[in-house]
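Text of coords-v5.cif (mmCIF, C-alpha atoms) as supplied:
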```
data_upload
loop_
_atom_site.label_atom_id
_atom_site.label_comp_id
_atom_site.auth_asym_id
_atom_site.auth_seq_id
_atom_site.Cartn_x
_atom_site.Cartn_y
_atom_site.Cartn_z
CA MET A 1 -57.66 177.92 53.49
CA SER A 2 -59.34 178.35 56.85
CA ALA A 3 -57.64 180.42 59.54
CA SER A 4 -57.17 177.38 61.79
CA LEU A 5 -55.66 175.34 58.95
CA GLU A 6 -53.30 178.17 58.12
CA LYS A 7 -52.26 178.30 61.74
CA GLY A 8 -51.87 174.52 61.81
CA ILE A 9 -49.72 174.39 58.69
CA HIS A 10 -47.65 177.21 60.06
CA ALA A 11 -47.22 175.22 63.27
CA LEU A 12 -46.19 172.15 61.26
CA LYS A 13 -43.64 174.26 59.40
CA GLU A 14 -42.33 175.48 62.73
CA VAL A 15 -41.77 172.01 64.17
CA ILE A 16 -39.88 170.71 61.14
CA ASP A 17 -36.17 170.69 61.93
CA ALA A 18 -33.03 169.07 60.54
CA PRO A 19 -33.69 165.69 62.20
CA ILE A 20 -37.22 165.52 60.77
CA ALA A 21 -35.95 166.50 57.31
CA SER A 22 -33.24 163.87 57.57
CA TYR A 23 -35.76 161.25 58.67
CA PHE A 24 -38.19 161.89 55.83
CA GLU A 25 -35.35 161.84 53.31
CA SER A 26 -34.05 158.57 54.71
CA CYS A 27 -37.32 156.59 54.57
CA VAL A 28 -37.25 153.87 51.92
CA HIS A 29 -40.77 152.57 52.58
CA CYS A 30 -39.48 149.23 53.83
CA GLY A 31 -42.42 148.90 56.23
CA LEU A 32 -40.38 147.51 59.13
CA CYS A 33 -41.80 150.10 61.51
CA ALA A 34 -45.21 148.45 61.04
CA GLU A 35 -43.80 145.21 62.45
CA ALA A 36 -42.87 147.10 65.63
CA CYS A 37 -46.23 148.87 66.03
CA LEU A 38 -48.80 147.19 68.27
CA PHE A 39 -51.62 148.85 66.35
CA TYR A 40 -50.43 147.16 63.17
CA THR A 41 -49.47 143.82 64.67
CA GLU A 42 -52.82 143.55 66.44
CA THR A 43 -54.99 144.57 63.48
CA GLY A 44 -52.92 143.80 60.40
CA ASP A 45 -54.18 147.03 58.88
CA PRO A 46 -51.40 148.79 56.92
CA LYS A 47 -52.83 152.22 57.72
CA TYR A 48 -51.27 151.85 61.17
CA THR A 49 -47.75 151.78 59.71
CA PRO A 50 -45.98 154.36 61.88
CA ILE A 51 -44.36 156.35 59.07
CA HIS A 52 -47.75 156.61 57.33
CA LYS A 53 -49.14 158.36 60.40
CA LEU A 54 -46.89 161.28 59.44
CA GLU A 55 -47.89 161.64 55.80
CA PRO A 56 -49.37 165.17 56.08
CA LEU A 57 -46.26 166.35 57.93
CA ARG A 58 -44.05 164.82 55.25
CA ARG A 59 -45.93 166.66 52.52
CA VAL A 60 -45.63 169.98 54.37
CA TYR A 61 -41.89 169.31 54.66
CA GLU A 62 -41.59 168.48 50.99
CA GLN A 63 -43.64 171.44 49.82
CA GLU A 64 -42.09 174.03 52.10
CA TYR A 65 -38.48 173.01 52.56
CA THR A 66 -37.26 171.21 49.43
CA LEU A 67 -36.42 172.82 46.11
CA LEU A 68 -38.24 170.22 44.03
CA GLY A 69 -41.25 170.27 46.35
CA ARG A 70 -41.52 174.04 46.12
CA LEU A 71 -41.27 173.89 42.33
CA LYS A 72 -44.02 171.27 42.26
CA LYS A 73 -46.15 173.47 44.50
CA VAL A 74 -45.63 176.51 42.25
CA VAL A 75 -46.75 174.66 39.14
CA GLY A 76 -49.68 173.11 41.00
CA LEU A 77 -48.52 169.49 41.10
CA SER A 78 -48.59 169.19 44.89
CA LYS A 79 -51.35 167.66 46.92
CA LEU A 80 -51.90 170.28 49.60
CA VAL A 81 -52.82 169.38 53.17
CA THR A 82 -56.48 170.06 53.94
CA ASP A 83 -58.62 170.38 57.04
CA ALA A 84 -60.49 167.21 56.12
CA GLU A 85 -57.23 165.32 55.80
CA LEU A 86 -55.91 166.46 59.18
CA ASP A 87 -59.26 165.50 60.64
CA GLN A 88 -58.83 162.05 59.20
CA TRP A 89 -55.28 161.80 60.55
CA GLN A 90 -56.44 162.63 64.07
CA GLU A 91 -57.28 158.99 64.64
CA LEU A 92 -53.85 157.87 63.45
CA VAL A 93 -51.72 160.39 65.26
CA TYR A 94 -53.57 160.44 68.60
CA ASP A 95 -55.77 157.37 69.06
CA SER A 96 -53.43 154.99 67.27
CA CYS A 97 -50.14 155.84 68.89
CA THR A 98 -49.08 155.25 72.48
CA MET A 99 -45.72 156.94 71.81
CA CYS A 100 -44.02 153.74 72.93
CA GLY A 101 -41.18 154.38 70.49
CA ARG A 102 -40.65 150.82 69.27
CA CYS A 103 -40.76 152.07 65.66
CA SER A 104 -37.88 154.44 66.43
CA LEU A 105 -35.83 151.52 67.70
CA VAL A 106 -36.25 149.23 64.70
CA CYS A 107 -36.06 151.66 61.78
CA PRO A 108 -33.06 150.50 59.74
CA VAL A 109 -32.23 154.02 58.54
CA GLY A 110 -32.55 155.29 62.11
CA ASN A 111 -35.68 157.42 61.83
CA ASP A 112 -36.94 158.60 65.21
CA ILE A 113 -40.59 158.20 64.25
CA VAL A 114 -42.00 158.77 67.72
CA TYR A 115 -40.21 162.13 67.84
CA MET A 116 -42.02 163.08 64.66
CA VAL A 117 -45.39 161.93 66.01
CA ARG A 118 -44.82 164.12 69.04
CA LYS A 119 -43.98 167.11 66.84
CA PHE A 120 -46.88 166.43 64.48
CA ARG A 121 -49.27 166.53 67.42
CA GLU A 122 -48.10 170.07 68.18
CA GLY A 123 -49.28 171.23 64.77
CA MET A 124 -52.48 169.22 65.02
CA ALA A 125 -53.27 170.86 68.35
CA VAL A 126 -52.77 174.34 66.92
CA SER A 127 -55.08 173.67 63.99
CA GLY A 128 -57.69 172.19 66.32
CA HIS A 129 -57.46 168.64 65.01
CA VAL A 130 -57.38 166.90 68.35
CA PRO A 131 -59.83 164.42 69.87
CA ASP A 132 -62.69 166.13 71.72
CA GLY A 133 -61.63 164.72 75.08
CA ILE A 134 -58.19 166.28 74.82
CA ARG A 135 -59.55 169.52 73.42
CA SER A 136 -61.98 170.06 76.29
CA ALA A 137 -59.48 168.93 78.92
CA THR A 138 -56.99 171.46 77.56
CA LYS A 139 -59.64 174.16 77.60
CA ARG A 140 -60.50 173.37 81.24
CA THR A 141 -56.83 173.36 82.17
CA VAL A 142 -56.32 176.80 80.65
CA GLU A 143 -59.56 178.31 81.92
CA LEU A 144 -60.11 176.56 85.23
CA GLY A 145 -56.68 175.26 86.11
CA GLY A 146 -57.13 171.50 85.69
CA PRO A 147 -58.18 168.99 83.05
CA MET A 148 -61.13 167.78 85.13
CA GLY A 149 -62.36 171.30 85.80
CA LEU A 150 -61.98 170.75 89.50
CA LYS A 151 -62.46 173.91 91.61
CA TRP A 152 -61.51 174.66 95.18
CA PRO A 153 -64.87 173.77 96.80
CA ALA A 154 -64.56 170.23 95.48
CA VAL A 155 -61.00 169.93 96.79
CA ALA A 156 -62.07 171.38 100.15
CA ASN A 157 -64.81 168.79 100.31
CA VAL A 158 -62.34 165.96 99.75
CA LEU A 159 -60.07 167.40 102.44
CA LYS A 160 -62.99 167.65 104.82
CA HIS A 161 -63.68 163.93 104.40
CA VAL A 162 -60.01 163.14 104.84
CA GLN A 163 -59.95 165.09 108.08
CA GLU A 164 -63.09 163.33 109.31
CA ASN A 165 -61.66 159.91 108.42
CA THR A 166 -58.27 160.43 110.02
CA GLY A 167 -59.01 162.92 112.74
CA LEU A 168 -56.02 164.92 111.52
CA THR A 169 -55.85 168.47 110.31
CA VAL A 170 -54.77 168.86 106.73
CA PRO A 171 -52.88 172.15 106.57
CA VAL A 172 -53.72 174.30 103.60
CA ASP A 173 -51.83 177.33 102.40
CA GLN A 174 -49.65 177.23 105.46
CA GLU A 175 -46.91 179.79 105.24
CA GLY A 176 -43.36 178.59 105.67
CA ALA A 177 -44.28 174.92 105.21
CA GLU A 178 -41.34 172.65 104.50
CA TYR A 179 -43.23 170.38 102.12
CA LEU A 180 -45.76 171.19 99.47
CA VAL A 181 -47.94 168.40 98.17
CA LEU A 182 -48.79 168.53 94.50
CA LEU A 183 -51.43 166.15 93.23
CA SER A 184 -53.32 165.73 90.00
CA SER A 185 -57.07 166.27 89.95
CA MET A 186 -57.51 162.56 89.35
CA GLU A 187 -55.59 161.71 92.50
CA ILE A 188 -57.53 164.18 94.60
CA VAL A 189 -60.95 163.04 93.46
CA ASN A 190 -60.47 159.32 92.93
CA TYR A 191 -57.78 158.49 95.46
CA PRO A 192 -58.30 160.62 98.60
CA GLU A 193 -56.45 157.90 100.50
CA TYR A 194 -53.25 159.32 98.99
CA ILE A 195 -53.84 162.51 100.94
CA GLU A 196 -54.67 160.53 104.05
CA ALA A 197 -51.45 158.55 103.76
CA ILE A 198 -49.40 161.70 103.27
CA ALA A 199 -51.22 163.57 106.03
CA LYS A 200 -50.46 160.96 108.69
CA PRO A 201 -46.67 161.11 109.03
CA ARG A 202 -46.46 164.71 107.92
CA SER A 203 -48.99 166.20 110.28
CA SER A 204 -47.40 164.46 113.24
CA ARG A 205 -44.33 166.54 112.59
CA ARG A 206 -46.41 169.61 111.84
CA ARG A 207 -44.55 170.75 108.84
CA ALA A 208 -46.60 169.95 105.81
CA SER A 209 -49.02 171.95 103.77
CA VAL A 210 -51.40 170.03 101.59
CA SER A 211 -53.10 171.29 98.49
CA PRO A 212 -53.20 175.02 98.16
CA SER A 213 -56.54 176.70 97.86
CA ARG A 214 -56.17 177.06 94.14
CA PRO A 215 -57.38 175.00 91.26
CA THR A 216 -55.10 172.05 90.63
CA PRO A 217 -53.27 171.96 87.35
CA THR A 218 -52.33 168.62 85.87
CA ARG A 219 -49.01 167.36 86.90
CA ARG A 220 -47.19 164.17 87.33
CA PRO A 221 -47.90 162.57 90.70
CA THR A 222 -45.39 164.19 93.03
CA PRO A 223 -46.46 163.11 96.49
CA ALA A 224 -44.36 165.58 98.40
CA SER A 225 -41.93 167.95 96.84
CA ARG A 226 -39.55 169.60 99.20
CA SER A 227 -39.66 173.32 99.05
CA ALA A 228 -38.62 175.86 101.62
CA VAL A 229 -40.91 178.49 100.16
CA PRO A 230 -43.95 176.84 98.62
CA THR A 231 -44.18 177.96 95.03
CA TRP A 232 -47.30 176.91 93.23
CA PRO A 233 -47.64 176.28 90.42
CA ARG A 234 -44.00 175.85 89.61
CA MET B 1 -26.31 159.55 15.86
CA ASN B 2 -24.88 156.10 15.31
CA GLU B 3 -24.03 153.70 18.10
CA LEU B 4 -20.42 154.80 18.29
CA GLN B 5 -21.37 158.46 18.53
CA PHE B 6 -23.93 157.52 21.19
CA LEU B 7 -21.28 155.68 23.19
CA THR B 8 -18.89 158.61 22.80
CA TRP B 9 -21.56 160.99 24.07
CA THR B 10 -22.36 158.86 27.10
CA ARG B 11 -18.66 158.55 27.95
CA GLY B 12 -17.99 162.27 27.42
CA PRO B 13 -20.55 165.05 27.83
CA GLY B 14 -23.19 162.68 29.22
CA LEU B 15 -20.92 161.56 32.03
CA ASP B 16 -19.84 165.11 32.81
CA ILE B 17 -23.43 166.30 33.04
CA ALA B 18 -24.52 163.37 35.19
CA VAL B 19 -21.58 163.60 37.59
CA GLY B 20 -22.06 167.38 37.78
CA ILE B 21 -25.76 167.09 38.65
CA PHE B 22 -24.97 164.32 41.12
CA LEU B 23 -22.30 166.27 42.99
CA LEU B 24 -24.17 169.58 43.03
CA GLY B 25 -27.41 167.74 43.86
CA VAL B 26 -25.88 165.91 46.82
CA LEU B 27 -24.31 169.12 48.10
CA TRP B 28 -27.56 171.06 47.69
CA ARG B 29 -29.70 168.42 49.37
CA LEU B 30 -27.33 168.08 52.31
CA ILE B 31 -27.39 171.84 52.82
CA GLU B 32 -31.17 171.97 52.36
CA ILE B 33 -31.68 169.29 55.02
CA TYR B 34 -29.05 169.91 57.66
CA THR B 35 -29.08 173.70 57.75
CA LEU B 36 -32.66 173.54 59.08
CA GLY B 37 -31.02 173.10 62.46
CA ARG B 38 -32.86 172.19 65.60
CA LYS B 39 -33.82 173.79 68.85
CA LYS B 40 -31.64 173.22 71.86
CA ASP B 41 -33.02 170.47 74.07
CA LEU B 42 -33.47 172.30 77.36
CA ALA B 43 -34.03 169.11 79.35
CA ALA B 44 -30.94 168.22 81.33
CA PRO B 45 -29.33 165.15 79.75
CA ARG B 46 -29.61 161.95 81.72
CA HIS B 47 -26.51 160.56 80.15
CA THR B 48 -23.58 162.68 79.20
CA ALA B 49 -21.38 160.25 77.29
CA GLY B 50 -21.67 161.11 73.64
CA ALA B 51 -21.18 157.83 71.82
CA SER B 52 -24.83 156.77 71.57
CA GLY B 53 -25.22 158.54 68.23
CA LEU B 54 -22.12 156.97 66.75
CA HIS B 55 -23.03 153.53 68.09
CA THR B 56 -26.46 153.75 66.51
CA VAL B 57 -24.89 154.62 63.14
CA PHE B 58 -23.28 151.18 63.16
CA ARG B 59 -25.63 149.07 65.22
CA ARG B 60 -28.73 149.95 63.26
CA SER B 61 -27.25 147.97 60.38
CA LEU B 62 -28.14 144.84 62.30
CA PRO B 63 -31.73 143.70 62.85
CA PRO B 64 -32.98 144.24 66.42
CA PRO B 65 -33.95 141.03 68.26
CA GLY B 66 -36.97 139.35 66.71
CA MET B 67 -37.14 141.56 63.65
CA LEU B 68 -35.30 139.21 61.28
CA LYS B 69 -38.00 136.64 61.88
CA ARG B 70 -40.80 139.14 61.30
CA SER B 71 -39.47 140.41 57.99
CA PRO B 72 -36.78 138.04 56.67
CA VAL B 73 -37.08 139.13 53.04
CA SER B 74 -36.48 142.79 53.89
CA TYR B 75 -33.34 142.03 55.87
CA ILE B 76 -31.75 139.20 53.90
CA GLY B 77 -32.75 140.57 50.50
CA GLY B 78 -31.66 144.02 51.60
CA TYR B 79 -28.25 142.84 52.74
CA ILE B 80 -27.65 140.85 49.56
CA PHE B 81 -28.50 143.57 47.09
CA HIS B 82 -26.77 146.37 48.97
CA ILE B 83 -23.57 144.37 49.38
CA GLY B 84 -23.88 143.10 45.80
CA LEU B 85 -24.18 146.63 44.44
CA ALA B 86 -21.17 147.75 46.46
CA ILE B 87 -19.08 144.83 45.16
CA ILE B 88 -20.05 145.52 41.56
CA VAL B 89 -19.58 149.29 41.71
CA PHE B 90 -16.37 149.39 43.70
CA LEU B 91 -14.64 146.13 42.82
CA GLY B 92 -15.48 145.67 39.14
CA ALA B 93 -12.39 146.31 36.96
CA PRO B 94 -14.04 148.73 34.47
CA HIS B 95 -15.57 150.73 37.33
CA ILE B 96 -12.23 151.03 39.11
CA LEU B 97 -10.74 152.28 35.85
CA LEU B 98 -13.50 154.89 35.57
CA ILE B 99 -12.88 156.05 39.14
CA LYS B 100 -9.16 156.18 38.39
CA ASN B 101 -9.82 158.38 35.38
CA LEU B 102 -12.09 160.68 37.38
CA VAL B 103 -10.19 161.07 40.65
CA GLY B 104 -6.91 159.23 40.18
CA LEU B 105 -7.45 156.60 42.88
CA SER B 106 -7.36 152.90 42.13
CA TRP B 107 -7.28 149.56 43.89
CA PRO B 108 -7.26 145.85 42.91
CA ALA B 109 -10.34 144.47 41.18
CA LEU B 110 -12.15 141.16 41.57
CA PRO B 111 -12.21 138.72 38.63
CA SER B 112 -14.89 139.57 36.07
CA GLN B 113 -16.52 136.14 36.49
CA PHE B 114 -17.05 136.91 40.15
CA ILE B 115 -18.51 140.32 39.33
CA GLY B 116 -20.83 138.63 36.84
CA LEU B 117 -21.99 136.24 39.54
CA ALA B 118 -22.48 139.13 41.96
CA ALA B 119 -24.62 140.88 39.35
CA VAL B 120 -26.85 137.83 38.94
CA VAL B 121 -27.26 137.40 42.69
CA THR B 122 -27.94 141.13 43.13
CA MET B 123 -30.59 141.12 40.40
CA ALA B 124 -32.23 138.02 41.90
CA ALA B 125 -32.36 139.70 45.31
CA MET B 126 -33.81 142.87 43.78
CA VAL B 127 -36.50 140.90 41.99
CA VAL B 128 -37.40 139.16 45.24
CA MET B 129 -37.54 142.55 46.99
CA LEU B 130 -39.83 143.84 44.25
CA ALA B 131 -42.09 140.82 44.59
CA ASP B 132 -42.16 141.39 48.35
CA ARG B 133 -43.13 145.02 47.78
CA ILE B 134 -46.01 143.89 45.60
CA ASN B 135 -47.08 141.05 47.90
CA LYS B 136 -46.76 142.50 51.36
CA PRO B 137 -49.78 144.66 52.25
CA VAL B 138 -47.74 147.19 54.22
CA LYS B 139 -45.13 147.67 51.52
CA ARG B 140 -47.71 147.86 48.77
CA PHE B 141 -49.71 150.36 50.80
CA LEU B 142 -46.66 152.59 51.37
CA SER B 143 -45.41 152.39 47.79
CA THR B 144 -45.66 155.35 45.49
CA PHE B 145 -44.46 155.93 41.94
CA GLU B 146 -41.09 156.85 43.40
CA ASP B 147 -40.61 153.38 44.89
CA TRP B 148 -41.18 151.58 41.59
CA PHE B 149 -39.21 154.18 39.65
CA THR B 150 -36.15 154.08 41.91
CA TRP B 151 -36.21 150.29 41.83
CA ALA B 152 -36.06 150.37 38.03
CA VAL B 153 -33.39 153.07 37.98
CA THR B 154 -31.22 150.95 40.30
CA PHE B 155 -31.94 147.67 38.51
CA LEU B 156 -31.24 148.80 34.94
CA PRO B 157 -27.52 149.60 35.29
CA VAL B 158 -26.95 146.14 36.82
CA LEU B 159 -28.97 144.44 34.09
CA THR B 160 -27.42 146.32 31.16
CA GLY B 161 -23.90 145.98 32.57
CA TRP B 162 -24.33 142.25 33.00
CA MET B 163 -25.89 141.88 29.53
CA ALA B 164 -23.07 143.87 27.94
CA THR B 165 -20.39 141.67 29.46
CA GLN B 166 -22.33 138.52 28.53
CA HIS B 167 -22.94 139.84 24.97
CA LEU B 168 -26.65 139.32 25.23
CA LEU B 169 -29.42 140.79 23.06
CA LEU B 170 -27.52 143.78 21.61
CA PRO B 171 -24.00 144.30 20.24
CA TYR B 172 -21.51 145.14 22.98
CA THR B 173 -21.06 148.77 21.91
CA GLN B 174 -24.79 149.48 22.06
CA MET B 175 -25.34 147.67 25.31
CA LEU B 176 -22.35 149.39 26.89
CA ALA B 177 -23.71 152.77 25.83
CA LEU B 178 -27.10 151.88 27.35
CA HIS B 179 -25.35 150.71 30.50
CA ILE B 180 -23.49 153.98 30.89
CA LEU B 181 -26.62 155.97 30.13
CA SER B 182 -28.62 154.04 32.76
CA ALA B 183 -25.89 154.62 35.33
CA GLU B 184 -25.99 158.33 34.49
CA ILE B 185 -29.74 158.39 35.02
CA LEU B 186 -29.15 156.75 38.39
CA LEU B 187 -26.62 159.45 39.30
CA VAL B 188 -29.07 162.20 38.33
CA VAL B 189 -32.02 160.66 40.18
CA LEU B 190 -30.15 159.71 43.35
CA PRO B 191 -29.96 163.07 45.14
CA PHE B 192 -33.60 163.87 44.45
CA SER B 193 -35.28 160.62 45.46
CA LYS B 194 -35.40 158.13 48.30
CA LEU B 195 -32.09 156.82 47.01
CA PHE B 196 -30.63 159.76 48.91
CA HIS B 197 -31.02 157.63 52.03
CA GLY B 198 -27.50 156.47 51.22
CA PHE B 199 -26.37 159.86 52.49
CA THR B 200 -28.96 160.84 55.09
CA LEU B 201 -29.15 157.55 56.97
CA PHE B 202 -25.95 158.39 58.82
CA GLY B 203 -27.40 161.67 60.06
CA SER B 204 -30.73 160.05 60.92
CA ARG B 205 -29.17 157.23 62.91
CA TRP B 206 -26.91 159.68 64.70
CA TYR B 207 -29.79 161.97 65.71
CA ASN B 208 -31.79 158.97 66.89
CA GLY B 209 -28.95 157.59 68.98
CA ARG B 210 -28.19 161.03 70.41
CA VAL B 211 -31.78 161.51 71.55
CA ASN B 212 -31.76 158.12 73.27
CA GLY B 213 -28.50 159.00 74.99
CA HIS B 214 -30.02 162.29 76.11
CA LYS B 215 -32.99 160.42 77.58
CA GLY B 216 -30.65 158.19 79.55
CA VAL B 217 -31.00 155.04 77.45
CA PRO B 218 -27.86 155.15 75.30
CA VAL B 219 -27.37 152.34 72.83
#
```

What do you get writing this file as structure tokens?
Amino acid sequence: MSASLEKGIHALKEVIDAPIASYFESCVHCGLCAEACLFYTETGDPKYTPIHKLEPLRRVYEQEYTLLGRLKKVVGLSKLVTDAELDQWQELVYDSCTMCGRCSLVCPVGNDIVYMVRKFREGMAVSGHVPDGIRSATKRTVELGGPMGLKWPAVANVLKHVQENTGLTVPVDQEGAEYLVLLSSMEIVNYPEYIEAIAKPRSSRRRASVSPSRPTPTRRPTPASRSAVPTWPR
Amino acid sequence: MNELQFLTWTRGPGLDIAVGIFLLGVLWRLIEIYTLGRKKDLAAPRHTAGASGLHTVFRRSLPPPGMLKRSPVSYIGGYIFHIGLAIIVFLGAPHILLIKNLVGLSWPALPSQFIGLAAVVTMAAMVVMLADRINKPVKRFLSTFEDWFTWAVTFLPVLTGWMATQHLLLPYTQMLALHILSAEILLVVLPFSKLFHGFTLFGSRWYNGRVNGHKGVPV
């Protein structure tokens, strides 16, 4: 077992709780969740059945937390989860789920399938079985501060253009500001007009501070969060 | 062992063993599952009223809008055989007598002709469900040995019980002994297979409803 797989299986063990155990025990393979899943209804391919997307997690649950499963594992009757298998499941658990939660709303035994997908992704991330785009965006967020790898000079450049376009000063790192604007990298780079729009009414009252001179972590678009003492990142 | 000794065994030691495994099995599985606990949800709840879990326990018994049309066999067949099984098990005169002997409680029974009819309807629904499992790509894809096995284990007690009362194929004594044996197998298998959904579905629905209530969309 590779180190990353060991870590991944450990992470899967960690996320399994009483609800997940109850859900796996309740599943009767009726297939109704497939009827609620857009990936199944659009393709007709049974592999997109929501509960099937959790098969490796189910086996970890069975093998680690049930008496019969542990016995089967001891005598070598269990099919263990492998790196190759998790790799294969990447497509199902990331690319083929929008986490819309329709499956959780139709399951006749009440399984919250989307909750399990969310938890399964945690283990997949730890073992490195995530799509490349997400992996590198995560790496950039941790190392550089944002998923797009945006650094201060790029932000300063955008602000410079905003100031030229509007003729206003965009205050940065202003101490004691009443408002602190938090934007995602995407908003800064692709939609500088957001900053322009915010700068106009704010700067007239001289109490806003836009974009601190630090890399921008990902966050939900929060145009202006009120804060007496700007704390960044929260 | 002749047929009478076989019947005596199934009604005596066989029943004790099966009921013992069933009760201990159910208790063990419930502990195994629900003592895993869960982390506290640190997100502030959007909705504080606590009935969403309980509501879901009941409401999930009905198909959500549009679903009946998408999978009519699952819903209609499912209703028929679950209700049929409940009628047979809890309202058949010999079964009520058995329960009375075991725990002392009893209640009025339905006429045996009606129970016989319920058995036929239940078996028909189960056969249709089996055909659907074979025919429908999703169900066939999801099915494992356990699905076919638990179907058989549930079907056999109904079949043998009905055949015993109709005096079909084998002498009554033999068929009755087979019926009791098949029911005992069902009791032993139930806690350790997907048939355990009969117990866990309440917990599952409750958790699901609770989470939705917490998110601010109680049902």

Counting all atoms listed in the file, the option among B:Phe141, B:Phe202, B:Pro157, B:Arg210 closest to A:Asp45: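 Of B:Phe141, B:Phe202, B:Pro157, B:Arg210, the one nearest A:Asp45, counting all atoms listed in the file, is B:Phe141.
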
Selection result of the PyMOL selection byres ((chain A) within 9 of (chain B)) on this file, as a PyMOL selection string: chain A and resi 16-32+34-36+44-47+49+51-52+65-68+104-112

Expected selection from the PyMOL selection byres ((chain B and resi 177) around 9), given as a PyMOL selection string: chain B and resi 3-4+6-11+172-176+178-182

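Applied to the shown file, the PyMOL selection byres ((chain B and resi 85-102) around 8) selects the residues Phe81, His82, Ile83, Gly84, Val103, Gly104, Leu105, Ser106, Trp107, Pro108, Ala109, Leu110, Pro111, Ser112, Ile115, Ala118, Ala119 and Thr122 of chain B.
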
One-decimal distance in Å that lies between atom CA of B:Ser52 and atom CA of B:Pro218: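 So the answer is 5.1 Å.
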
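Atom CA of B:Phe145 sits 26.0 Å away from atom CA of A:Gln90.
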
Answer as a ChimeraX atom specification, residues within 9 Å of (-54.4, 161.3, 60.4) using all atoms listed in the file: /A:52-56,85-94

Between atom CA of A:Trp152 and atom CA of A:Tyr191 - distance in Å to one decimal: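 A separation of 16.6 Å between them.
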
Protein and nucleic acid residues near (-57.3, 166.0, 91.4) (cut-off 8 Å, all atoms listed in the file) as number ranges by chain: A: 146, 148, 150, 155, 183-190, 216, 218

Proximity to A:Leu38 - best of A:Leu12, A:Cys97, A:Ala3, A:Val75, all atoms listed in the file: A:Cys97

Exercise: stretch 118-129 of chain A partners within 7 Å, only C-alpha atoms, chain neighbours under 2 positions left out, as a count of residues only: 17

Which neighbours of A:Gly149 fall inside 9 Å, counting all atoms listed in the file, when residues of the same chain fewer than 2 positions from it are skipped, and could you give them as a PDB file with C-alpha atoms, in the coordinates of the input?
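Saved to part02.pdb:
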```
ATOM      1  CA  ALA A 137     -59.480 168.930  78.920  1.00  0.00           C
ATOM      2  CA  ARG A 140     -60.500 173.370  81.240  1.00  0.00           C
ATOM      3  CA  THR A 141     -56.830 173.360  82.170  1.00  0.00           C
ATOM      4  CA  GLU A 143     -59.560 178.310  81.920  1.00  0.00           C
ATOM      5  CA  LEU A 144     -60.110 176.560  85.230  1.00  0.00           C
ATOM      6  CA  GLY A 145     -56.680 175.260  86.110  1.00  0.00           C
ATOM      7  CA  GLY A 146     -57.130 171.500  85.690  1.00  0.00           C
ATOM      8  CA  PRO A 147     -58.180 168.990  83.050  1.00  0.00           C
ATOM      9  CA  LYS A 151     -62.460 173.910  91.610  1.00  0.00           C
ATOM     10  CA  SER A 185     -57.070 166.270  89.950  1.00  0.00           C
ATOM     11  CA  PRO A 215     -57.380 175.000  91.260  1.00  0.00           C
ATOM     12  CA  THR A 216     -55.100 172.050  90.630  1.00  0.00           C
TER      13      THR A 216
END
```

Because the input lacks atoms here, generate N, CA and C atoms for stretch 192-202 of chain B and report them as an mmCIF file, in the frame of the given file.
```
data_model
loop_
_atom_site.group_PDB
_atom_site.id
_atom_site.type_symbol
_atom_site.label_atom_id
_atom_site.label_comp_id
_atom_site.auth_asym_id
_atom_site.auth_seq_id
_atom_site.Cartn_x
_atom_site.Cartn_y
_atom_site.Cartn_z
ATOM 1 N N PHE B 192 -32.259 163.302 44.379
ATOM 2 C CA PHE B 192 -33.600 163.870 44.450
ATOM 3 C C PHE B 192 -34.688 162.832 44.697
ATOM 4 N N SER B 193 -34.286 161.677 45.209
ATOM 5 C CA SER B 193 -35.280 160.620 45.460
ATOM 6 C C SER B 193 -34.934 159.928 46.762
ATOM 7 N N LYS B 194 -35.670 158.858 47.053
ATOM 8 C CA LYS B 194 -35.400 158.130 48.300
ATOM 9 C C LYS B 194 -34.029 157.459 48.270
ATOM 10 N N LEU B 195 -33.426 157.392 47.079
ATOM 11 C CA LEU B 195 -32.090 156.820 47.010
ATOM 12 C C LEU B 195 -31.090 157.653 47.809
ATOM 13 N N PHE B 196 -31.490 158.878 48.131
ATOM 14 C CA PHE B 196 -30.630 159.760 48.910
ATOM 15 C C PHE B 196 -30.459 159.243 50.344
ATOM 16 N N HIS B 197 -31.203 158.199 50.697
ATOM 17 C CA HIS B 197 -31.020 157.630 52.030
ATOM 18 C C HIS B 197 -29.582 157.171 52.229
ATOM 19 N N GLY B 198 -28.904 156.871 51.125
ATOM 20 C CA GLY B 198 -27.500 156.470 51.220
ATOM 21 C C GLY B 198 -26.649 157.535 51.889
ATOM 22 N N PHE B 199 -27.093 158.774 51.830
ATOM 23 C CA PHE B 199 -26.370 159.860 52.490
ATOM 24 C C PHE B 199 -26.990 160.215 53.847
ATOM 25 N N THR B 200 -28.328 160.315 53.875
ATOM 26 C CA THR B 200 -28.960 160.840 55.090
ATOM 27 C C THR B 200 -29.064 159.824 56.220
ATOM 28 N N LEU B 201 -28.930 158.535 55.895
ATOM 29 C CA LEU B 201 -29.150 157.550 56.970
ATOM 30 C C LEU B 201 -28.142 157.723 58.099
ATOM 31 N N PHE B 202 -26.952 158.205 57.769
ATOM 32 C CA PHE B 202 -25.950 158.390 58.820
ATOM 33 C C PHE B 202 -26.405 159.477 59.793
#
```
